[in-house]
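Next comes target_27.txt, with compact mmCIF, C-alpha atoms.
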# COMPACT_ATOMS: atom_id res chain seq x y z
CA MET A 1 -127.64 56.79 -52.60
CA GLN A 2 -126.68 58.55 -49.41
CA GLU A 3 -123.70 60.87 -49.57
CA PRO A 4 -120.85 60.38 -47.08
CA ASN A 5 -120.71 62.64 -44.08
CA ASN A 6 -117.58 64.60 -44.83
CA ASP A 7 -118.00 66.96 -41.96
CA ARG A 8 -117.89 64.17 -39.44
CA PHE A 9 -114.74 62.60 -40.95
CA SER A 10 -112.94 65.89 -40.97
CA LYS A 11 -113.77 66.46 -37.35
CA GLU A 12 -112.34 63.08 -36.29
CA ILE A 13 -109.09 63.82 -38.06
CA GLN A 14 -108.88 67.14 -36.34
CA ASP A 15 -109.49 65.50 -32.97
CA VAL A 16 -106.62 63.10 -33.58
CA GLU A 17 -104.26 65.88 -34.52
CA ASN A 18 -105.20 67.84 -31.44
CA THR A 19 -104.75 64.89 -29.11
CA GLU A 20 -101.59 65.25 -26.83
CA VAL A 21 -99.39 62.20 -26.84
CA THR A 22 -97.39 61.60 -23.66
CA VAL A 23 -94.04 59.75 -24.15
CA PRO A 24 -92.65 58.13 -20.99
CA PRO A 25 -89.10 59.24 -20.01
CA VAL A 26 -86.19 57.07 -21.06
CA ASP A 27 -84.16 55.52 -18.16
CA GLU A 28 -80.52 55.86 -19.20
CA HIS A 29 -79.28 53.43 -16.49
CA ALA A 30 -81.78 50.82 -17.50
CA SER A 31 -80.70 51.18 -21.11
CA ALA A 32 -77.05 50.77 -20.21
CA GLU A 33 -77.85 47.77 -18.05
CA THR A 34 -79.85 46.22 -20.82
CA THR A 35 -76.99 46.82 -23.23
CA SER A 36 -74.44 45.35 -20.86
CA LYS A 37 -76.56 42.28 -20.29
CA SER A 38 -76.95 41.69 -23.95
CA THR A 39 -73.17 42.04 -24.72
CA PRO A 40 -71.93 38.86 -22.90
CA ALA A 41 -74.46 36.81 -24.67
CA PHE A 42 -73.07 38.01 -27.92
CA THR A 43 -69.44 37.39 -26.80
CA LYS A 44 -70.16 33.83 -25.61
CA LYS A 45 -71.79 33.12 -28.87
CA ALA A 46 -68.75 34.42 -30.77
CA ARG A 47 -66.37 32.36 -28.65
CA SER A 48 -68.43 29.24 -29.02
CA GLN A 49 -68.33 29.71 -32.74
CA SER A 50 -64.45 30.21 -32.86
CA ARG A 51 -63.44 27.33 -30.46
CA PRO A 52 -63.81 24.45 -32.96
CA VAL A 53 -61.56 26.28 -35.39
CA PHE A 54 -58.83 26.74 -32.73
CA VAL A 55 -59.00 23.10 -31.68
CA LEU A 56 -58.74 22.02 -35.30
CA ILE A 57 -55.64 24.18 -35.88
CA LEU A 58 -54.02 22.89 -32.66
CA ALA A 59 -54.70 19.28 -33.65
CA ILE A 60 -53.12 19.83 -37.07
CA PHE A 61 -50.03 21.44 -35.45
CA MET A 62 -49.57 18.61 -32.93
CA THR A 63 -49.94 16.01 -35.67
CA ALA A 64 -47.28 17.73 -37.77
CA LEU A 65 -44.95 18.05 -34.77
CA GLY A 66 -45.36 14.38 -33.88
CA ALA A 67 -44.60 13.36 -37.44
CA PHE A 68 -41.44 15.51 -37.45
CA VAL A 69 -40.17 14.07 -34.17
CA GLY A 70 -40.87 10.55 -35.39
CA ILE A 71 -38.85 11.11 -38.57
CA VAL A 72 -35.90 12.54 -36.59
CA VAL A 73 -35.88 9.63 -34.13
CA TYR A 74 -36.15 7.09 -36.93
CA LYS A 75 -33.22 8.57 -38.83
CA ALA A 76 -31.12 8.90 -35.68
CA TYR A 77 -31.60 5.39 -34.31
CA PHE A 78 -32.74 3.14 -37.13
CA GLU A 79 -31.08 4.39 -40.29
CA ARG A 80 -27.58 4.90 -38.82
CA PRO A 81 -25.16 1.95 -39.18
CA ALA A 82 -25.03 -0.38 -36.21
CA THR A 83 -21.87 -0.08 -34.09
CA GLU A 84 -20.42 -2.96 -32.16
CA ALA A 85 -19.99 -2.57 -28.42
CA PRO A 86 -16.30 -2.28 -27.46
CA VAL A 87 -14.81 -5.51 -26.22
CA VAL A 88 -13.43 -5.06 -22.69
CA ALA A 89 -10.71 -7.51 -21.83
CA PRO A 90 -11.24 -9.19 -18.46
CA GLN A 91 -8.95 -7.75 -15.83
CA THR A 92 -6.91 -10.31 -13.96
CA PRO A 93 -5.76 -9.36 -10.46
CA LYS A 94 -2.11 -8.42 -10.28
CA PRO A 95 -0.02 -10.93 -8.34
CA THR A 96 1.36 -9.77 -5.02
CA PRO A 97 5.02 -8.82 -5.55
CA ILE A 98 7.49 -11.14 -3.86
CA THR A 99 9.60 -9.30 -1.31
CA ALA A 100 11.71 -10.26 1.67
CA LYS A 101 8.85 -9.31 3.96
CA THR A 102 6.20 -11.37 2.16
CA LEU A 103 8.50 -14.41 2.20
CA ILE A 104 9.17 -14.13 5.93
CA ASP A 105 5.51 -13.45 6.73
CA LYS A 106 4.54 -16.69 4.99
CA ILE A 107 7.24 -18.68 6.77
CA LYS A 108 6.25 -17.19 10.14
CA SER A 109 2.67 -18.33 9.69
CA ASN A 110 3.79 -21.94 9.09
CA VAL A 111 6.48 -22.58 11.71
CA LYS A 112 5.89 -25.36 14.24
CA ALA A 113 8.39 -24.56 16.99
CA GLU A 114 8.11 -21.63 19.37
CA GLN A 115 9.19 -18.28 17.94
CA VAL A 116 12.09 -16.55 19.69
CA GLU A 117 11.72 -12.95 20.88
CA ILE A 118 13.74 -10.60 18.68
CA GLY A 119 16.12 -7.94 20.02
CA GLU A 120 18.38 -5.31 18.43
CA ARG A 121 20.15 -5.13 15.09
CA ALA A 122 23.88 -5.89 14.85
CA GLY A 123 25.42 -5.46 11.39
CA ALA A 124 24.17 -8.19 9.07
CA SER A 125 22.38 -9.94 11.94
CA THR A 126 19.53 -9.34 14.33
CA LEU A 127 19.96 -10.57 17.90
CA THR A 128 17.60 -12.22 20.35
CA LYS A 129 16.83 -10.82 23.79
CA ASP A 130 19.51 -13.12 25.22
CA LYS A 131 22.08 -11.63 22.79
CA LEU A 132 22.31 -14.64 20.50
CA VAL A 133 21.96 -14.35 16.75
CA ALA A 134 18.29 -14.59 15.80
CA TYR A 135 18.80 -14.44 12.03
CA SER A 136 21.27 -13.11 9.49
CA VAL A 137 21.42 -12.09 5.84
CA PRO A 138 24.33 -12.34 3.40
CA ILE A 139 26.91 -9.61 2.86
CA TYR A 140 26.06 -8.60 -0.71
CA LYS A 141 27.60 -6.41 -3.43
CA PRO A 142 24.89 -4.43 -5.26
CA SER A 143 25.16 -3.95 -8.99
CA GLY A 144 27.25 -0.88 -9.87
CA TYR A 145 29.31 -0.87 -6.65
CA THR A 146 32.78 -2.28 -5.93
CA PHE A 147 32.17 -3.12 -2.27
CA SER A 148 29.79 -5.42 -0.44
CA THR A 149 27.48 -4.18 2.27
CA VAL A 150 24.54 -4.99 4.50
CA PRO A 151 20.91 -4.03 3.86
CA ALA A 152 19.28 -1.02 5.40
CA GLU A 153 16.37 -3.27 6.40
CA MET A 154 16.04 -7.01 6.95
CA PHE A 155 13.28 -9.42 7.96
CA GLY A 156 13.43 -12.76 9.69
CA VAL A 157 12.18 -15.31 12.18
CA SER A 158 13.83 -17.64 14.67
CA THR A 159 12.28 -20.67 16.35
CA SER A 160 13.49 -22.82 19.23
CA SER A 161 12.64 -26.24 20.64
CA SER A 162 14.22 -29.07 22.56
CA THR A 163 12.63 -31.36 19.97
CA GLN A 164 14.95 -31.44 16.99
CA SER A 165 12.27 -32.60 14.54
CA LEU A 166 10.11 -29.48 15.13
CA VAL A 167 12.94 -27.10 14.29
CA GLU A 168 14.03 -29.21 11.34
CA ALA A 169 10.44 -29.07 10.02
CA ASP A 170 10.63 -25.25 10.13
CA ILE A 171 13.92 -25.35 8.22
CA ALA A 172 12.52 -27.76 5.63
CA PHE A 173 9.44 -25.63 5.02
CA ALA A 174 11.53 -22.45 4.67
CA LYS A 175 13.81 -24.05 2.09
CA GLN A 176 10.93 -25.52 0.10
CA TYR A 177 9.02 -22.24 0.11
CA LEU A 178 12.00 -20.11 -0.95
CA GLU A 179 12.73 -22.50 -3.81
CA SER A 180 9.07 -22.39 -4.90
CA LYS A 181 9.39 -18.59 -5.20
CA GLY A 182 12.40 -18.74 -7.49
CA LEU A 183 15.29 -18.47 -5.02
CA LYS A 184 18.19 -20.88 -5.51
CA ALA A 185 20.55 -22.39 -2.97
CA ASP A 186 24.00 -20.88 -3.57
CA LYS A 187 26.07 -22.71 -0.99
CA THR A 188 25.72 -24.75 2.19
CA THR A 189 28.27 -24.62 5.02
CA THR A 190 28.79 -26.00 8.52
CA ASP A 191 30.51 -24.28 11.46
CA THR A 192 30.72 -26.53 14.49
CA GLN A 193 32.74 -23.98 16.48
CA ASN A 194 29.74 -21.62 16.37
CA ASN A 195 27.20 -24.43 16.82
CA ILE A 196 25.98 -24.09 13.24
CA VAL A 197 24.72 -27.46 12.08
CA GLN A 198 23.91 -26.22 8.59
CA GLU A 199 23.68 -22.86 6.83
CA THR A 200 22.40 -22.28 3.28
CA VAL A 201 22.35 -19.06 1.29
CA TYR A 202 19.34 -18.57 -1.01
CA SER A 203 19.16 -15.77 -3.54
CA ASN A 204 17.91 -14.39 -6.83
CA ASP A 205 18.31 -10.99 -8.48
CA ASN A 206 15.94 -9.34 -6.01
CA ILE A 207 16.28 -11.10 -2.65
CA GLN A 208 19.06 -12.47 -0.44
CA CYS A 209 18.36 -15.00 2.36
CA ILE A 210 20.13 -17.25 4.87
CA VAL A 211 18.54 -20.39 6.35
CA ARG A 212 20.46 -21.74 9.34
CA LEU A 213 20.03 -24.61 11.81
CA SER A 214 21.99 -24.37 15.06
CA HIS A 215 22.34 -26.47 18.19
CA HIS A 216 22.57 -25.04 21.70
CA SER A 217 22.57 -26.40 25.23
CA THR A 218 18.84 -25.70 25.45
CA GLY A 219 17.99 -27.43 22.17
CA TYR A 220 17.81 -26.48 18.51
CA ARG A 221 17.10 -23.20 16.78
CA SER A 222 16.16 -22.11 13.28
CA HIS A 223 17.42 -18.79 11.91
CA ILE A 224 15.73 -17.55 8.72
CA GLY A 225 16.53 -14.06 7.44
CA CYS A 226 15.89 -12.23 4.13
CA ALA A 227 16.56 -8.79 2.64
CA ASP A 228 15.65 -7.08 -0.62
CA ALA A 229 18.46 -6.27 -3.05
CA SER A 230 17.11 -2.71 -3.22
CA SER A 231 17.77 -2.36 0.51
CA TYR A 232 21.46 -3.11 -0.09
CA VAL A 233 21.48 -0.36 -2.73
CA ASN A 234 20.10 2.12 -0.21
CA THR A 235 23.00 1.41 2.14
CA ALA A 236 25.55 1.54 -0.69
CA LYS A 237 24.33 4.99 -1.75
CA GLN A 238 24.91 6.30 1.76
CA LEU A 239 28.37 4.72 1.89
CA LYS A 240 29.57 5.86 -1.53
CA PRO A 241 31.19 9.20 -0.44
CA LEU A 242 32.80 7.44 2.55
CA HIS A 243 34.11 4.67 0.31
CA GLU A 244 35.62 7.24 -2.05
CA ALA A 245 37.31 9.03 0.87
CA TYR A 246 38.69 5.69 2.10
CA LEU A 247 40.17 4.78 -1.29
CA THR A 248 41.69 8.27 -1.63
CA SER A 249 43.33 8.64 1.79
CA ALA A 250 43.78 5.25 3.48
CA GLN A 251 47.16 3.53 3.42
CA ASN A 252 46.90 0.27 1.47
CA PRO A 253 43.11 0.39 1.04
CA ILE A 254 41.24 -2.83 0.29
CA HIS A 255 40.03 -2.90 -3.29
CA ASP A 256 38.93 -6.49 -3.80
CA GLY A 257 36.50 -8.08 -1.39
CA LEU A 258 35.90 -4.96 0.71
CA SER A 259 32.78 -5.03 2.86
CA MET A 260 31.27 -2.04 4.62
CA GLY A 261 28.49 -2.07 7.19
CA SER A 262 25.91 0.63 7.76
CA ALA A 263 27.37 4.00 8.65
CA ILE A 264 26.66 5.46 12.07
CA ILE A 265 26.67 9.22 11.47
CA GLU A 266 26.56 11.72 14.35
CA ASN A 267 26.77 15.48 14.73
CA SER A 268 29.79 16.78 16.60
CA SER A 269 29.53 18.86 19.74
CA VAL A 270 31.15 21.57 17.61
CA ALA A 271 28.51 23.07 15.35
CA GLY A 272 28.91 22.37 11.63
CA TYR A 273 30.96 19.16 12.00
CA LYS A 274 30.03 15.48 11.68
CA ARG A 275 31.68 12.12 12.28
CA ALA A 276 30.95 8.62 10.99
CA GLU A 277 31.79 5.09 12.07
CA VAL A 278 31.65 2.11 9.69
CA SER A 279 32.39 -1.57 10.34
CA MET A 280 34.74 -2.68 7.56
CA GLY A 281 36.54 -5.84 6.53
CA SER A 282 37.80 -8.04 3.74
CA ALA A 283 36.50 -11.37 2.55
CA ASN A 284 40.12 -12.36 1.88
CA SER A 285 41.43 -11.39 5.32
CA LYS A 286 41.76 -13.71 8.30
CA THR A 287 42.54 -10.96 10.79
CA GLY A 288 38.94 -9.86 11.23
CA GLY A 289 37.33 -6.54 10.56
CA PHE A 290 38.04 -3.05 11.79
CA LYS A 291 36.19 0.14 12.55
CA GLY A 292 36.63 2.90 10.00
CA LEU A 293 36.43 6.49 11.29
CA PHE A 294 35.46 9.40 9.02
CA TYR A 295 34.77 13.08 9.56
CA GLN A 296 33.14 15.94 7.71
CA GLY A 297 34.80 19.30 8.12
CA SER A 298 34.06 22.88 7.22
CA ASP A 299 34.30 21.97 3.51
CA LYS A 300 31.25 19.66 3.92
CA LYS A 301 33.18 16.73 2.41
CA TRP A 302 33.89 13.35 4.01
CA HIS A 303 37.48 12.51 4.95
CA TRP A 304 39.10 9.27 6.06
CA LEU A 305 40.70 9.37 9.52
CA ILE A 306 41.80 5.91 10.63
CA GLY A 307 40.90 2.22 10.80
CA THR A 308 41.13 0.69 14.26
CA GLN A 309 40.11 -2.31 16.34
CA SER A 310 40.34 -0.49 19.66
CA ILE A 311 40.07 3.01 21.14
CA PRO A 312 42.34 5.27 19.03
CA THR A 313 45.19 7.21 20.56
CA CYS A 314 44.66 10.93 21.00
CA ALA A 315 47.55 11.50 18.57
CA SER A 316 45.41 9.86 15.87
CA TYR A 317 43.32 13.03 15.72
CA PRO A 318 45.27 15.82 14.02
CA GLU A 319 44.53 19.40 14.97
CA GLY A 320 41.88 21.16 12.98
CA ASP A 321 38.72 19.67 11.51
CA ALA A 322 39.38 16.12 12.75
CA ARG A 323 39.56 17.15 16.42
CA LYS A 324 36.53 19.40 16.07
CA ALA A 325 34.54 16.57 14.51
CA PHE A 326 35.52 14.05 17.24
CA ALA A 327 35.51 16.52 20.15
CA GLY A 328 34.59 14.74 23.39
CA GLN A 329 35.12 11.20 22.01
CA PRO A 330 37.33 8.76 23.96
CA CYS A 331 41.02 8.42 23.13
CA THR A 332 44.13 7.20 24.97
CA ASP A 333 47.07 9.37 25.94
CA THR A 334 50.74 8.41 25.78
CA ASN A 335 50.43 6.58 29.11
CA GLY A 336 47.48 4.52 27.92
CA ASN A 337 44.99 6.43 30.00
CA GLN A 338 41.57 7.03 28.47
CA ILE A 339 40.69 10.68 28.06
CA LYS A 340 38.60 12.70 25.60
CA VAL A 341 39.52 14.39 22.36
CA ASN A 342 40.13 18.09 22.94
CA PRO A 343 39.12 20.27 19.98

This structure in structure tokens:
Amino acid sequence: MQEPNNDRFSKEIQDVENTEVTVPPVDEHASAETTSKSTPAFTKKARSQSRPVFVLILAIFMTALGAFVGIVVYKAYFERPATEAPVVAPQTPKPTPITAKTLIDKIKSNVKAEQVEIGERAGASTLTKDKLVAYSVPIYKPSGYTFSTVPAEMFGVSTSSSTQSLVEADIAFAKQYLESKGLKADKTTTDTQNNIVQETVYSNDNIQCIVRLSHHSTGYRSHIGCADASSYVNTAKQLKPLHEAYLTSAQNPIHDGLSMGSAIIENSSVAGYKRAEVSMGSANSKTGGFKGLFYQGSDKKWHWLIGTQSIPTCASYPEGDARKAFAGQPCTDTNGNQIKVNP
């Protein structure tokens, strides 16, 4: 058997040990780049692995929230006792209040004869342009007062025609309509001296009216006038201090049946003074009415001066407040000449 060649083997080992090994240099940038490129891959993989878990948790949360909301809604709207809707009573339109104006407006819209042009006011009447009475209202005593008076405001219509039947149709409609609204005929009179064929007073607690048929040389006329009771009260309130002054100072004042028209109040030419003029009369007197004169002096109270049917004498105005209140107004001297009141 041939022996191994130990010398040769030892030499080969020595050659290997003496061989110089060259290691290539390490590129630090390339290593960093390689590392950075490998990191996102790892992150994406981690995210892709965690996403199903997140979705599962979110789904569980939404399911629980939906169940909670459903329970709350069910308890709020289905388990609570049913309540009946409130019953709303049907509202009926309020009827238009009946006033003197609404009555006259209705009558105006239904007259057949030609309407007469209206002029100025004169006491309890309103005149036409030709100075005839267009319509009138009653003299009325408001509740709580001891005198009768005229209203502060009145409404009316007058028609005219040479055909008697047309005017009579207007009168008939006015009477029928007033009665349908609750007014009753109080009395009917005739006055041939004043061409009044027929005159009827209609009234209730709230309204006073006069329906009149007259005959003139040009034909026939209707005269229909109304006033609210509250309008009489307005006048009476204004007259109350004058009425009290009259009862206090006048000689033989009228207590029963006294009537007083609207007061005409004016400022005096002397500062701080006023005067008033009131048409007055008595229902029981046949001598006609008179003009009552009043004045307000420095004490700011009304005082009675005189009742007259003509221009007063200058001696009727005593010195002091009365003359100052009526300064410049007409009066007659001892010779009957008309002069002016000297304050």

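Nearest to Lys187 of chain A of all the residues A:Leu132, A:Val201, A:Pro343, A:Lys175 is A:Val201, counting all atoms listed in the file.
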
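Going from atom CA of Arg221 of chain A to atom CA of Glu168 of chain A covers 8.7 Å.
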
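Near Ser268 of chain A, within 6 Å and counting only C-alpha atoms, sit Tyr273, Lys274 and Ala325 of chain A, not including residues fewer than 4 positions from it in the same chain.
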
Any chance you could export the current selection's C-alpha atoms as a PDB file, in the frame of the given file?
ATOM      1  CA  TYR A 273      30.960  19.160  12.000  1.00  0.00           C
ATOM      2  CA  LYS A 274      30.030  15.480  11.680  1.00  0.00           C
ATOM      3  CA  ALA A 325      34.540  16.570  14.510  1.00  0.00           C
TER       4      ALA A 325
END

query = Could you pull the residues within 7 Å of Thr308 of chain A, counting only C-alpha atoms, minus those fewer than 4 positions along the same chain, as a list in words?
reply = Phe290, Lys291, Gly292 and Pro312 of chain A

Show which residues sit within 9 Å of Lys324 of chain A, as a short mmCIF file (atom, residue, chain, number, x, y, z; two decimals) with C-alpha atoms, in the frame of the given file. Count only C-alpha atoms, and ignore same-chain residues fewer than 3 positions away.
data_model
loop_
_atom_site.label_atom_id
_atom_site.label_comp_id
_atom_site.auth_asym_id
_atom_site.auth_seq_id
_atom_site.Cartn_x
_atom_site.Cartn_y
_atom_site.Cartn_z
CA SER A 268 29.79 16.78 16.60
CA SER A 269 29.53 18.86 19.74
CA VAL A 270 31.15 21.57 17.61
CA ALA A 271 28.51 23.07 15.35
CA TYR A 273 30.96 19.16 12.00
CA LYS A 274 30.03 15.48 11.68
CA GLY A 297 34.80 19.30 8.12
CA GLU A 319 44.53 19.40 14.97
CA GLY A 320 41.88 21.16 12.98
CA ASP A 321 38.72 19.67 11.51
CA ALA A 327 35.51 16.52 20.15
CA GLY A 328 34.59 14.74 23.39
CA VAL A 341 39.52 14.39 22.36
CA ASN A 342 40.13 18.09 22.94
CA PRO A 343 39.12 20.27 19.98
#

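If you look at atom CA of Thr313 of chain A and atom CA of Thr334 of chain A, they are 7.7 Å away from each other.
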
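Among A:Ala322, A:Tyr135, A:Ala124, A:Phe294, the residue with the shortest atom-to-atom distance to Ser249 of chain A, counting all atoms listed in the file, is A:Phe294.
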